[in-house]
Structures are given as C-alpha cells and as structure tokens.
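Chemist: model.txt (compact mmCIF, C-alpha atoms) pasted underneath:
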# COMPACT_ATOMS: atom_id res chain seq x y z
CA MET A 1 0.00 0.00 0.00
CA THR A 2 1.26 3.45 -0.78
CA ASP A 3 1.42 6.29 1.68
CA PRO A 4 -2.19 7.05 2.69
CA GLU A 5 -1.37 10.73 3.02
CA PRO A 6 1.12 11.45 0.24
CA GLY A 7 0.37 15.16 0.14
CA ARG A 8 0.82 15.92 3.83
CA PRO A 9 4.60 16.31 4.00
CA LEU A 10 4.29 18.79 1.16
CA LEU A 11 1.65 20.81 2.98
CA ARG A 12 3.77 20.80 6.12
CA THR A 13 6.80 22.03 4.19
CA MET A 14 4.75 24.79 2.62
CA ARG A 15 3.47 25.97 5.98
CA ARG A 16 7.06 26.04 7.21
CA VAL A 17 8.51 28.35 4.54
CA ARG A 18 10.05 31.40 6.20
CA SER A 19 12.30 34.16 5.04
CA VAL A 20 15.85 33.44 6.25
CA ARG A 21 18.52 36.05 5.53
CA SER A 22 21.66 34.64 7.24
CA PHE A 23 23.58 32.06 5.30
CA ARG A 24 26.59 29.84 5.89
CA PRO A 25 29.34 30.28 3.30
CA ASP A 26 28.90 26.70 1.99
CA PRO A 27 28.00 26.61 -1.70
CA VAL A 28 24.64 25.36 -2.95
CA PRO A 29 25.30 22.23 -5.03
CA ASP A 30 24.56 22.59 -8.73
CA ALA A 31 22.15 19.66 -8.57
CA LEU A 32 19.95 21.45 -6.02
CA LEU A 33 19.94 24.65 -8.03
CA THR A 34 18.85 22.68 -11.07
CA GLU A 35 16.01 21.08 -9.10
CA ILE A 36 14.83 24.49 -7.94
CA LEU A 37 15.01 25.86 -11.47
CA GLU A 38 13.03 22.88 -12.79
CA VAL A 39 10.25 23.69 -10.33
CA ALA A 40 10.38 27.32 -11.45
CA ARG A 41 10.32 26.26 -15.10
CA TRP A 42 7.03 24.41 -14.64
CA THR A 43 5.24 27.39 -13.09
CA GLY A 44 2.00 28.26 -14.82
CA SER A 45 1.62 31.74 -16.26
CA GLY A 46 -1.00 33.81 -18.04
CA SER A 47 -1.55 32.29 -21.50
CA ASN A 48 1.45 30.06 -20.72
CA ARG A 49 3.74 32.94 -21.72
CA GLN A 50 6.48 31.84 -19.30
CA PRO A 51 7.63 35.46 -19.29
CA TRP A 52 10.86 34.98 -17.34
CA THR A 53 14.58 34.41 -17.48
CA PHE A 54 16.44 33.24 -14.38
CA ILE A 55 19.97 34.50 -13.80
CA VAL A 56 21.88 32.35 -11.34
CA VAL A 57 24.52 34.45 -9.59
CA ARG A 58 27.19 32.85 -7.42
CA GLU A 59 30.20 35.16 -7.80
CA PRO A 60 30.63 36.86 -4.41
CA ALA A 61 31.72 40.09 -6.09
CA THR A 62 28.52 40.18 -8.13
CA LEU A 63 26.33 39.30 -5.14
CA GLY A 64 27.99 42.13 -3.23
CA ALA A 65 27.51 44.55 -6.10
CA ILE A 66 23.81 43.73 -6.32
CA ALA A 67 23.43 44.33 -2.59
CA ALA A 68 25.18 47.68 -2.97
CA ALA A 69 23.06 48.71 -5.95
CA SER A 70 19.69 48.54 -4.23
CA PRO A 71 18.48 49.23 -0.71
CA ASN A 72 16.88 46.38 1.24
CA VAL A 73 18.43 43.47 -0.63
CA GLY A 74 21.48 43.47 1.65
CA HIS A 75 21.05 39.78 2.44
CA VAL A 76 22.15 38.83 -1.06
CA ALA A 77 25.72 39.88 -0.22
CA GLY A 78 25.97 36.94 2.18
CA ALA A 79 24.05 34.41 0.11
CA ALA A 80 25.73 31.42 -1.49
CA ALA A 81 23.69 32.03 -4.62
CA ALA A 82 20.89 34.18 -5.90
CA ILE A 83 18.31 33.67 -8.60
CA VAL A 84 17.50 37.00 -10.22
CA ILE A 85 14.12 36.81 -11.93
CA VAL A 86 14.09 38.89 -15.10
CA MET A 87 10.62 39.40 -16.51
CA ASP A 88 9.96 40.01 -20.20
CA GLY A 89 8.48 43.45 -19.59
CA GLY A 90 4.94 42.83 -20.87
CA MET A 91 1.63 43.85 -19.29
CA PRO A 92 2.50 44.83 -15.71
CA GLU A 93 -0.57 43.42 -13.96
CA ILE A 94 -0.44 39.84 -15.18
CA GLU A 95 3.35 39.79 -15.27
CA THR A 96 3.60 40.92 -11.65
CA PHE A 97 1.12 38.22 -10.65
CA ASP A 98 3.12 35.59 -12.55
CA GLU A 99 6.33 36.85 -10.95
CA GLY A 100 4.76 36.24 -7.55
CA ARG A 101 3.80 32.73 -8.62
CA VAL A 102 7.26 31.73 -9.77
CA THR A 103 8.95 33.36 -6.78
CA GLU A 104 6.77 31.43 -4.37
CA ARG A 105 7.70 28.17 -6.04
CA ILE A 106 11.39 28.92 -5.73
CA LEU A 107 10.94 29.53 -1.99
CA VAL A 108 8.99 26.32 -1.47
CA ALA A 109 11.43 24.25 -3.53
CA ALA A 110 14.39 25.66 -1.60
CA THR A 111 12.70 24.87 1.71
CA ALA A 112 11.95 21.32 0.56
CA LEU A 113 15.65 20.86 -0.19
CA GLY A 114 16.76 22.13 3.22
CA LEU A 115 17.93 25.50 1.95
CA ALA A 116 17.25 28.91 3.40
CA SER A 117 15.85 31.57 1.11
CA ALA A 118 14.70 35.17 1.17
CA ILE A 119 13.04 37.41 -1.36
CA GLY A 120 14.91 40.55 -2.26
CA TRP A 121 12.59 43.13 -3.76
CA ILE A 122 14.72 45.51 -5.81
CA MET A 123 13.35 49.01 -5.49
CA SER A 124 12.74 50.91 -8.69
CA GLY A 125 15.86 53.03 -8.16
CA GLY A 126 18.04 49.94 -7.98
CA ALA A 127 16.52 48.02 -10.87
CA ALA A 128 18.41 49.89 -13.59
CA ALA A 129 21.69 49.48 -11.74
CA VAL A 130 21.17 45.76 -11.17
CA GLY A 131 20.06 45.34 -14.78
CA ALA A 132 23.20 47.07 -16.04
CA LEU A 133 25.38 44.98 -13.75
CA LEU A 134 23.92 41.75 -15.12
CA GLY A 135 23.72 42.83 -18.76
CA VAL A 136 19.93 42.73 -18.88
CA PRO A 137 18.55 44.24 -22.11
CA GLU A 138 16.47 47.42 -21.95
CA GLY A 139 12.75 46.84 -21.57
CA ARG A 140 12.99 43.81 -19.33
CA ARG A 141 11.79 44.09 -15.75
CA VAL A 142 14.27 43.43 -12.92
CA ARG A 143 12.51 43.44 -9.57
CA THR A 144 12.75 40.21 -7.62
CA LEU A 145 15.65 38.08 -6.57
CA VAL A 146 15.81 35.13 -4.21
CA SER A 147 18.85 34.69 -1.98
CA LEU A 148 19.75 31.06 -1.34
CA GLY A 149 22.10 29.17 0.93
CA TYR A 150 22.34 26.93 3.94
CA PRO A 151 21.07 28.74 7.02
CA THR A 152 23.34 29.71 9.88
CA GLU A 153 22.54 27.85 13.07
CA GLU A 154 21.05 30.94 14.59
CA ALA A 155 18.89 31.58 11.52
CA SER A 156 17.57 28.01 11.71
CA ARG A 157 15.83 28.69 15.00
CA PRO A 158 12.18 29.67 14.71
CA LYS A 159 11.68 33.40 15.06
CA SER A 160 8.10 33.47 16.17
CA ALA A 161 6.07 31.27 18.46
CA PRO A 162 4.04 28.76 16.45
CA GLY A 163 0.98 30.48 15.15
CA ALA A 164 2.03 33.98 16.11
CA ALA A 165 3.34 35.07 12.72
CA ARG A 166 0.04 34.99 10.86
CA ARG A 167 -3.51 36.11 11.50
CA PRO A 168 -5.81 33.26 12.56
CA LEU A 169 -7.61 31.39 9.82
CA ALA A 170 -11.05 32.35 11.11
CA GLU A 171 -10.23 36.00 10.55
CA MET A 172 -9.14 35.40 6.97
CA VAL A 173 -11.83 33.07 5.71
CA ARG A 174 -15.50 33.71 4.89
CA PHE A 175 -18.11 31.33 3.55
CA GLU A 176 -20.29 32.14 0.56
CA ARG A 177 -20.15 35.91 1.17
CA PHE A 178 -17.66 38.45 2.45
CA SER A 179 -20.02 39.62 5.14
CA MET B 180 17.35 6.72 9.11
CA THR B 181 14.82 9.14 7.74
CA ASP B 182 13.94 9.48 4.10
CA PRO B 183 17.17 10.50 2.35
CA GLU B 184 15.23 12.61 -0.11
CA PRO B 185 12.35 14.09 1.88
CA GLY B 186 11.87 17.04 -0.46
CA ARG B 187 11.66 15.12 -3.72
CA PRO B 188 7.98 14.12 -3.68
CA LEU B 189 7.17 17.77 -3.09
CA LEU B 190 9.25 18.88 -6.05
CA ARG B 191 7.61 16.24 -8.22
CA THR B 192 4.16 17.39 -7.17
CA MET B 193 5.05 20.98 -7.92
CA ARG B 194 6.28 20.13 -11.40
CA ARG B 195 3.00 18.30 -11.98
CA VAL B 196 0.62 21.18 -11.20
CA ARG B 197 -1.59 21.82 -14.23
CA SER B 198 -4.71 23.82 -14.81
CA VAL B 199 -7.70 21.46 -14.89
CA ARG B 200 -11.10 22.95 -15.68
CA SER B 201 -13.43 19.92 -15.75
CA PHE B 202 -14.69 18.68 -12.42
CA ARG B 203 -16.76 15.80 -11.15
CA PRO B 204 -19.78 16.87 -9.12
CA ASP B 205 -18.43 15.28 -5.91
CA PRO B 206 -17.98 17.81 -3.12
CA VAL B 207 -14.57 18.73 -1.75
CA PRO B 208 -14.44 17.60 1.90
CA ASP B 209 -14.27 20.40 4.45
CA ALA B 210 -11.06 18.95 5.87
CA LEU B 211 -9.27 19.31 2.54
CA LEU B 212 -10.48 22.87 2.10
CA THR B 213 -9.16 23.69 5.55
CA GLU B 214 -5.78 22.21 4.71
CA ILE B 215 -5.57 24.28 1.54
CA LEU B 216 -6.58 27.41 3.43
CA GLU B 217 -3.94 26.74 6.09
CA VAL B 218 -1.29 26.62 3.37
CA ALA B 219 -2.67 29.88 1.99
CA ARG B 220 -2.69 31.42 5.45
CA TRP B 221 1.06 30.84 5.88
CA THR B 222 2.00 32.54 2.63
CA GLY B 223 4.59 35.25 3.06
CA SER B 224 3.70 38.76 1.92
CA GLY B 225 5.34 42.17 1.71
CA SER B 226 5.95 43.42 5.28
CA ASN B 227 3.89 40.42 6.40
CA ARG B 228 0.73 42.40 5.60
CA GLN B 229 -1.26 39.24 4.76
CA PRO B 230 -3.46 41.47 2.60
CA TRP B 231 -6.14 38.90 1.78
CA THR B 232 -9.48 37.43 2.67
CA PHE B 233 -10.54 34.10 1.23
CA ILE B 234 -14.19 33.53 0.37
CA VAL B 235 -15.06 29.86 0.04
CA VAL B 236 -17.99 29.45 -2.33
CA ARG B 237 -19.79 26.13 -2.70
CA GLU B 238 -23.38 27.09 -3.52
CA PRO B 239 -23.95 26.04 -7.15
CA ALA B 240 -26.13 29.08 -7.75
CA THR B 241 -23.37 31.41 -6.59
CA LEU B 242 -20.71 29.57 -8.60
CA GLY B 243 -22.92 29.90 -11.67
CA ALA B 244 -23.56 33.59 -11.02
CA ILE B 245 -19.80 34.27 -10.74
CA ALA B 246 -19.22 32.48 -14.04
CA ALA B 247 -21.94 34.57 -15.66
CA ALA B 248 -20.60 37.83 -14.24
CA SER B 249 -17.17 37.67 -15.85
CA PRO B 250 -15.82 36.34 -19.14
CA ASN B 251 -13.21 33.56 -19.02
CA VAL B 252 -14.00 32.16 -15.58
CA GLY B 253 -16.62 29.80 -16.99
CA HIS B 254 -15.00 26.79 -15.35
CA VAL B 255 -16.14 27.96 -11.92
CA ALA B 256 -19.73 27.09 -12.83
CA GLY B 257 -18.80 23.40 -12.81
CA ALA B 258 -16.45 23.48 -9.86
CA ALA B 259 -17.30 21.83 -6.55
CA ALA B 260 -15.93 24.86 -4.75
CA ALA B 261 -14.08 28.07 -5.42
CA ILE B 262 -11.78 30.17 -3.31
CA VAL B 263 -12.23 33.82 -4.23
CA ILE B 264 -9.17 35.81 -3.18
CA VAL B 265 -10.14 39.29 -2.03
CA MET B 266 -7.18 41.62 -1.65
CA ASP B 267 -7.17 44.56 0.73
CA GLY B 268 -6.76 47.10 -2.05
CA GLY B 269 -3.37 48.54 -1.06
CA MET B 270 -0.39 49.33 -3.30
CA PRO B 271 -1.10 47.51 -6.57
CA GLU B 272 2.43 46.35 -7.40
CA ILE B 273 3.27 44.51 -4.19
CA GLU B 274 -0.30 43.36 -3.68
CA THR B 275 -0.47 41.83 -7.15
CA PHE B 276 2.81 40.04 -6.51
CA ASP B 277 1.52 38.73 -3.17
CA GLU B 278 -1.72 37.64 -4.83
CA GLY B 279 0.33 35.56 -7.25
CA ARG B 280 2.21 34.01 -4.34
CA VAL B 281 -0.89 32.94 -2.43
CA THR B 282 -2.65 31.72 -5.57
CA GLU B 283 0.28 29.49 -6.48
CA ARG B 284 0.22 27.93 -3.03
CA ILE B 285 -3.46 27.12 -3.33
CA LEU B 286 -2.80 25.36 -6.64
CA VAL B 287 0.10 23.34 -5.25
CA ALA B 288 -1.80 22.39 -2.10
CA ALA B 289 -4.81 21.27 -4.14
CA THR B 290 -2.59 19.16 -6.38
CA ALA B 291 -0.91 17.58 -3.35
CA LEU B 292 -4.36 16.57 -2.08
CA GLY B 293 -5.42 15.02 -5.38
CA LEU B 294 -7.70 17.85 -6.38
CA ALA B 295 -7.95 19.59 -9.71
CA SER B 296 -7.71 23.35 -9.76
CA ALA B 297 -7.73 26.23 -12.19
CA ILE B 298 -7.14 29.93 -11.82
CA GLY B 299 -9.96 32.18 -12.88
CA TRP B 300 -8.72 35.68 -13.60
CA ILE B 301 -11.69 38.01 -13.28
CA MET B 302 -11.44 40.74 -15.88
CA SER B 303 -11.82 44.31 -14.67
CA GLY B 304 -15.36 44.53 -16.04
CA GLY B 305 -16.46 41.53 -14.00
CA ALA B 306 -14.75 42.42 -10.74
CA ALA B 307 -17.42 44.88 -9.61
CA ALA B 308 -20.19 42.42 -10.40
CA VAL B 309 -18.49 39.56 -8.57
CA GLY B 310 -17.71 41.86 -5.65
CA ALA B 311 -21.35 42.93 -5.40
CA LEU B 312 -22.52 39.33 -5.63
CA LEU B 313 -20.29 38.33 -2.71
CA GLY B 314 -20.86 41.44 -0.60
CA VAL B 315 -17.26 42.62 -0.88
CA PRO B 316 -16.78 46.14 0.52
CA GLU B 317 -15.79 48.96 -1.83
CA GLY B 318 -12.05 49.45 -2.18
CA ARG B 319 -11.10 45.81 -1.98
CA ARG B 320 -9.64 44.13 -5.06
CA VAL B 321 -11.46 41.13 -6.54
CA ARG B 322 -9.42 39.60 -9.34
CA THR B 323 -8.44 35.97 -8.78
CA LEU B 324 -10.39 32.87 -7.92
CA VAL B 325 -9.37 29.25 -7.88
CA SER B 326 -11.85 26.60 -9.00
CA LEU B 327 -11.52 23.32 -7.11
CA GLY B 328 -12.89 19.81 -7.40
CA TYR B 329 -12.09 16.26 -8.30
CA PRO B 330 -11.07 16.02 -11.94
CA THR B 331 -13.19 14.20 -14.48
CA GLU B 332 -11.50 11.12 -15.88
CA GLU B 333 -10.86 12.85 -19.16
CA ALA B 334 -9.40 15.88 -17.43
CA SER B 335 -7.02 13.63 -15.49
CA ARG B 336 -5.22 12.60 -18.65
CA PRO B 337 -2.11 14.60 -19.47
CA LYS B 338 -2.75 17.21 -22.14
CA SER B 339 0.74 17.67 -23.44
CA ALA B 340 3.59 15.29 -24.02
CA PRO B 341 6.02 15.39 -21.12
CA GLY B 342 8.27 18.35 -21.55
CA ALA B 343 6.32 19.94 -24.36
CA ALA B 344 4.35 22.44 -22.30
CA ARG B 345 7.28 24.58 -21.19
CA ARG B 346 10.36 26.07 -22.78
CA PRO B 347 13.53 24.08 -22.07
CA LEU B 348 15.48 25.04 -18.99
CA ALA B 349 18.59 25.95 -20.97
CA GLU B 350 16.61 28.66 -22.74
CA MET B 351 15.36 30.14 -19.48
CA VAL B 352 18.48 30.11 -17.36
CA ARG B 353 21.65 32.19 -17.53
CA PHE B 354 24.70 32.13 -15.30
CA GLU B 355 26.19 35.26 -13.76
CA ARG B 356 24.96 37.54 -16.58
CA PHE B 357 21.98 37.78 -18.89
CA SER B 358 24.18 37.68 -21.97
How does the structure come out when it is put into structure tokens?
Modeler:
Amino acid sequence: MTDPEPGRPLLRTMRRVRSVRSFRPDPVPDALLTEILEVARWTGSGSNRQPWTFIVVREPATLGAIAAASPNVGHVAGAAAAIVIVMDGGMPEIETFDEGRVTERILVAATALGLASAIGWIMSGGAAAVGALLGVPEGRRVRTLVSLGYPTEEASRPKSAPGAARRPLAEMVRFERFS
Amino acid sequence: MTDPEPGRPLLRTMRRVRSVRSFRPDPVPDALLTEILEVARWTGSGSNRQPWTFIVVREPATLGAIAAASPNVGHVAGAAAAIVIVMDGGMPEIETFDEGRVTERILVAATALGLASAIGWIMSGGAAAVGALLGVPEGRRVRTLVSLGYPTEEASRPKSAPGAARRPLAEMVRFERFS
C-alpha cells in the first residue's frame, strides 16, 4: 500500500517556509539549483507565456555589487547564490502576478531541499543598476531576486512562536459571502 | 534513518501542477479545504501584511452567477468549490505580486491533495459584479479565484507530451549575466 497521506509532507513544508537572511558560506550544489530551477520552469503563467529568465549568480563580487546597488536586498551579499528573476516586460498586472507565482515556487522548492531563502525586492531606483550589472537588455523588468544558501545555526531557529506570525484562519476566511 | 530525499515528492508534485477545468460533481471535503486554506494562510507577503481574505464558495447558484458575471471564468460554474481571493486594495504592485504568491500555493496544495484546480482571472469589467454578488466592501480588489474539485476522468489525462508544455530550462536560465 502506498502512503495514505502522500500530500501531507508537502503541505507541512509549505506551511514552514520562512524568510531566512543569514547564510553559511557553503556553496549550494549545482544539482539542487537545477532542481529548484526545474520547479520554477514548470510554473503556470498567463496564456502560458512563461515570461521569465532566471539568472543564477554565485560570484561573491557580483552578489555584493547587487546588494550595494539597491536598498533592502542586503542579504544577497551573504548568500551562497541568488536567482535573479528577469521578466519580459509585458503587461504589468499579469506579469507581476506571474512573478509572484514563480517566486513562491522557488521559496517552497528551496525549503523542501533544506535551503534557506529570502526574497529581495529591488526598489525601482536599484533596478536599472542591477540590470546594467547583469547585462539585462532594456525593456525587461528586474525586480525580484531570491537569496539562497544553507542557514546559519542561529537563523535556523524559529523566530516566532508557532501560530504567532500569521492572523488566525477564522479571521481570513469567509463562507459564501464576504459579510 | 529518515527518508534520504524528503523534499523530492514535493518537487515532483510541484512540477506536476496543471490547470484542470473539468470537475466531477463530488464535493470537496471540508477537511481538505481547511488544509488548503492553512497553506494559503502561511503565505509570506510584503511586510507580512497578509493582505487577503478568502471567500469559500460552494453554492452552485453562486458559482454559476460568478461564471456569468465575468468572461473567461466559466470553469467555476462546474467546480465543486471556489476560493475567491479578495485583496485589501493597497499598493497595486506589491499586492499583485503577493496575490500571485498565495494563488500558487493554493494550486500546489490542491494538487498535493489530489484535487484539480484552475485559476480564474476576473477581468476588470467583471470584478465589480463579482464583488457585489459576494458582498465585498468597496475598495477591496477582486481579481483571482481558484476553482476546485475532483477532476473528471478525461481531465485527469495529461494534455501535453512530457516536456512539451514549457520552454527548455537551458533557454530560461543564464549564469552570472543575462548575456
């Protein structure tokens, strides 16, 4: 007989995804990066446009330069790797939604593989600088990166008491009507 | 020894997520809906705003009325249930990204539980009508729903040859620089 609850470990992993911004210097094996990218590749998108290119950055000098080019992505300087998500630059509404979809998958895949991850949201001022640094053609959209690596021991400890980091389900869910 | 590859079934499930729009009439058990909503609840969001309310709709009349109110969400009329994602109506860019994140999790969770799911993207013309139908207060953003149910036998069959539905990884991935 197969596992009677095959989906449960997956659901547990998904509930456990947290932003972790402190990484050990150990590299992320190529095989794990490929597995994460395969999960990203299979993300659904509006009209199946797949409007993305993933730049894998591992050079410490480049990671540091990205961190310096934009406020609030400082964690990428200490990451073992980053995936910079470059969007095609089409219709902003659907493309931003699809960017959220693919980013979420990268976070879940990293968590499933025992890696720490954190979204870096490149502010509009930094996008041009990061784009130039990575040779991204004009017209593409550079906005989201995901820092990856093995977590430091301290970062592995839970930051919030179980249940304290999110609003309770009853407050978020309605049945049939909003009110 | 524990499973040497605990994350792999999750990655496989994620790669397998596909939009399925034909549902059997069987209801979705409450327990499964709750599990999906728990996964949605734990989604990360910008500044941990959790800017969403989930309306679970199971009344066939309401599902049919939603389908009639907006083009291209016709599949919801035949769904056993739908989760309508109501966003708080804050800054569009980050909220649209977060909406993509939470939607993707709902799809993955449904797949892990053996359910079929499909995104319904409510066009701007239909949003007001769907909002009114569900009693959503002015100022909130109604744009995405997810149809849920058990797939019909025909819908369970793969639609594309393995590998044919997405661009190859080599075309999507760059190392260190875009070009």
Chemist: Could you tell me which of B:Val315, B:Ile285, B:Val265, B:Val309 comes closest to chain A if we count all atoms listed in the file?
Modeler: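 Between B:Val315, B:Ile285, B:Val265, B:Val309, the residue approaching chain A most closely is B:Val315.
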Chemist: Could you work out how far atom CA of Met87 of chain A lies from atom CA of Ser326 of chain B, giving the answer in Å with one decimal?
Modeler: 26.9 Å
Chemist: Rank B:Glu317, B:Glu278, B:Asp209, B:Glu333 by their smallest atom-to-atom distance to chain A, using all atoms listed in the file, and report the top residue only.
Modeler: B:Glu278
Chemist: One number please: atom CA of Ala244 of chain B to atom CA of Ala219 of chain B, in Å, one decimal.
Modeler: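 Computing it gives 24.9 Å between the two atoms.
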Chemist: Smallest atom-to-atom distance to Leu242 of chain B: which of B:Phe276, B:Arg194, B:Leu324, B:Arg228, using only C-alpha atoms?
Modeler: B:Leu324
Chemist: Between B:Val321, B:Ala334, B:Met193, B:Val199, which has the minimum distance to chain A (counting only C-alpha atoms)?
Modeler: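 Result for the nearest residue to chain A: B:Met193.
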Chemist: So how many Å separate atom CA of Ser22 of chain A and atom CA of Arg58 of chain A, to one decimal?
Modeler: 15.8 Å
Chemist: I'd like to know which of B:Leu313, B:Ala306, B:Leu216, B:Ala343 is closest to chain A, using only C-alpha atoms.
Modeler: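 Using only C-alpha atoms, chain A sits closest to B:Leu313.
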Chemist: Give as a PyMOL selection string each residue that has an atom at most 9 Å from (-2.6, 12.6, -8.6) in the file, counting all atoms listed in the file.
Modeler: chain B and resi 192+195+290-295+335
Chemist: Have a look at A:Leu32, A:Ile83, A:Ala170, A:Met123 and name the one nearest to Thr53 of chain A; count only C-alpha atoms.
Modeler: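 Among A:Leu32, A:Ile83, A:Ala170, A:Met123, it is A:Ile83 that comes nearest to Thr53 of chain A.
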Chemist: Can you pull out every residue within 12 Å of Ala165 of chain A, counting only C-alpha atoms, but drop anything in the same chain fewer than 6 positions away, and send it as a list in words?
Modeler: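 Within the cut-off, the hits are Arg15, Arg16, Val17, Arg18, Ser19, Pro158 and Lys159 of chain A; Arg220, Trp221, Thr222, Gly223, Ser224, Ser226, Asn227, Arg228 and Gln229 of chain B.
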Chemist: For the residues selected in the previous step, produce a file with C-alpha atoms as a CSV table (one decimal), keeping the file's coordinate frame.
Modeler:
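Writing the result to out.csv gives the following:
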chain,number,residue,atom,x,y,z
A,15,ARG,CA,3.5,26.0,6.0
A,16,ARG,CA,7.1,26.0,7.2
A,17,VAL,CA,8.5,28.4,4.5
A,18,ARG,CA,10.0,31.4,6.2
A,19,SER,CA,12.3,34.2,5.0
A,158,PRO,CA,12.2,29.7,14.7
A,159,LYS,CA,11.7,33.4,15.1
B,220,ARG,CA,-2.7,31.4,5.4
B,221,TRP,CA,1.1,30.8,5.9
B,222,THR,CA,2.0,32.5,2.6
B,223,GLY,CA,4.6,35.2,3.1
B,224,SER,CA,3.7,38.8,1.9
B,226,SER,CA,6.0,43.4,5.3
B,227,ASN,CA,3.9,40.4,6.4
B,228,ARG,CA,0.7,42.4,5.6
B,229,GLN,CA,-1.3,39.2,4.8
Chemist: Hey, what's within 8 Å of Gly314 of chain B if we count only C-alpha atoms and toss same-chain stuff fewer than 2 positions away? As a compact mmCIF listing (two decimals) with C-alpha atoms, in the coordinates of the input, please?
Modeler:
# COMPACT_ATOMS: atom_id res chain seq x y z
CA ARG A 177 -20.15 35.91 1.17
CA PHE A 178 -17.66 38.45 2.45
CA SER A 179 -20.02 39.62 5.14
CA GLY B 310 -17.71 41.86 -5.65
CA ALA B 311 -21.35 42.93 -5.40
CA LEU B 312 -22.52 39.33 -5.63
CA PRO B 316 -16.78 46.14 0.52
Chemist: Can you pull out every residue within 8 Å of Leu286 of chain B, counting only C-alpha atoms, but drop anything in the same chain fewer than 2 positions away, and send it as number ranges by chain?
Modeler: B: 196, 282-284, 288-290, 296-297, 325
Chemist: I want to know what sits within 10 Å of segment 59-62 of chain A, based on all atoms listed in the file, with residues of the same chain fewer than 2 positions away left out; could you give that as a list in words?
Modeler: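 Those residues are Val56, Val57, Gly64, Ala65, Ile66, Ala67, Ala68, Val76, Ala77, Gly78, Ala79, Ala80, Ala81, Ala82, Val130, Leu133 and Leu134 of chain A; Phe354, Glu355 and Arg356 of chain B.
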Chemist: Need the neighbours of (-2.8, 43.3, -4.3): which residues are at most 12 Å away, counting only C-alpha atoms, as a PyMOL selection string?
Modeler: (chain A and resi 93-94+96-97+100) or (chain B and resi 224-225+228-232+264-282+318-323)
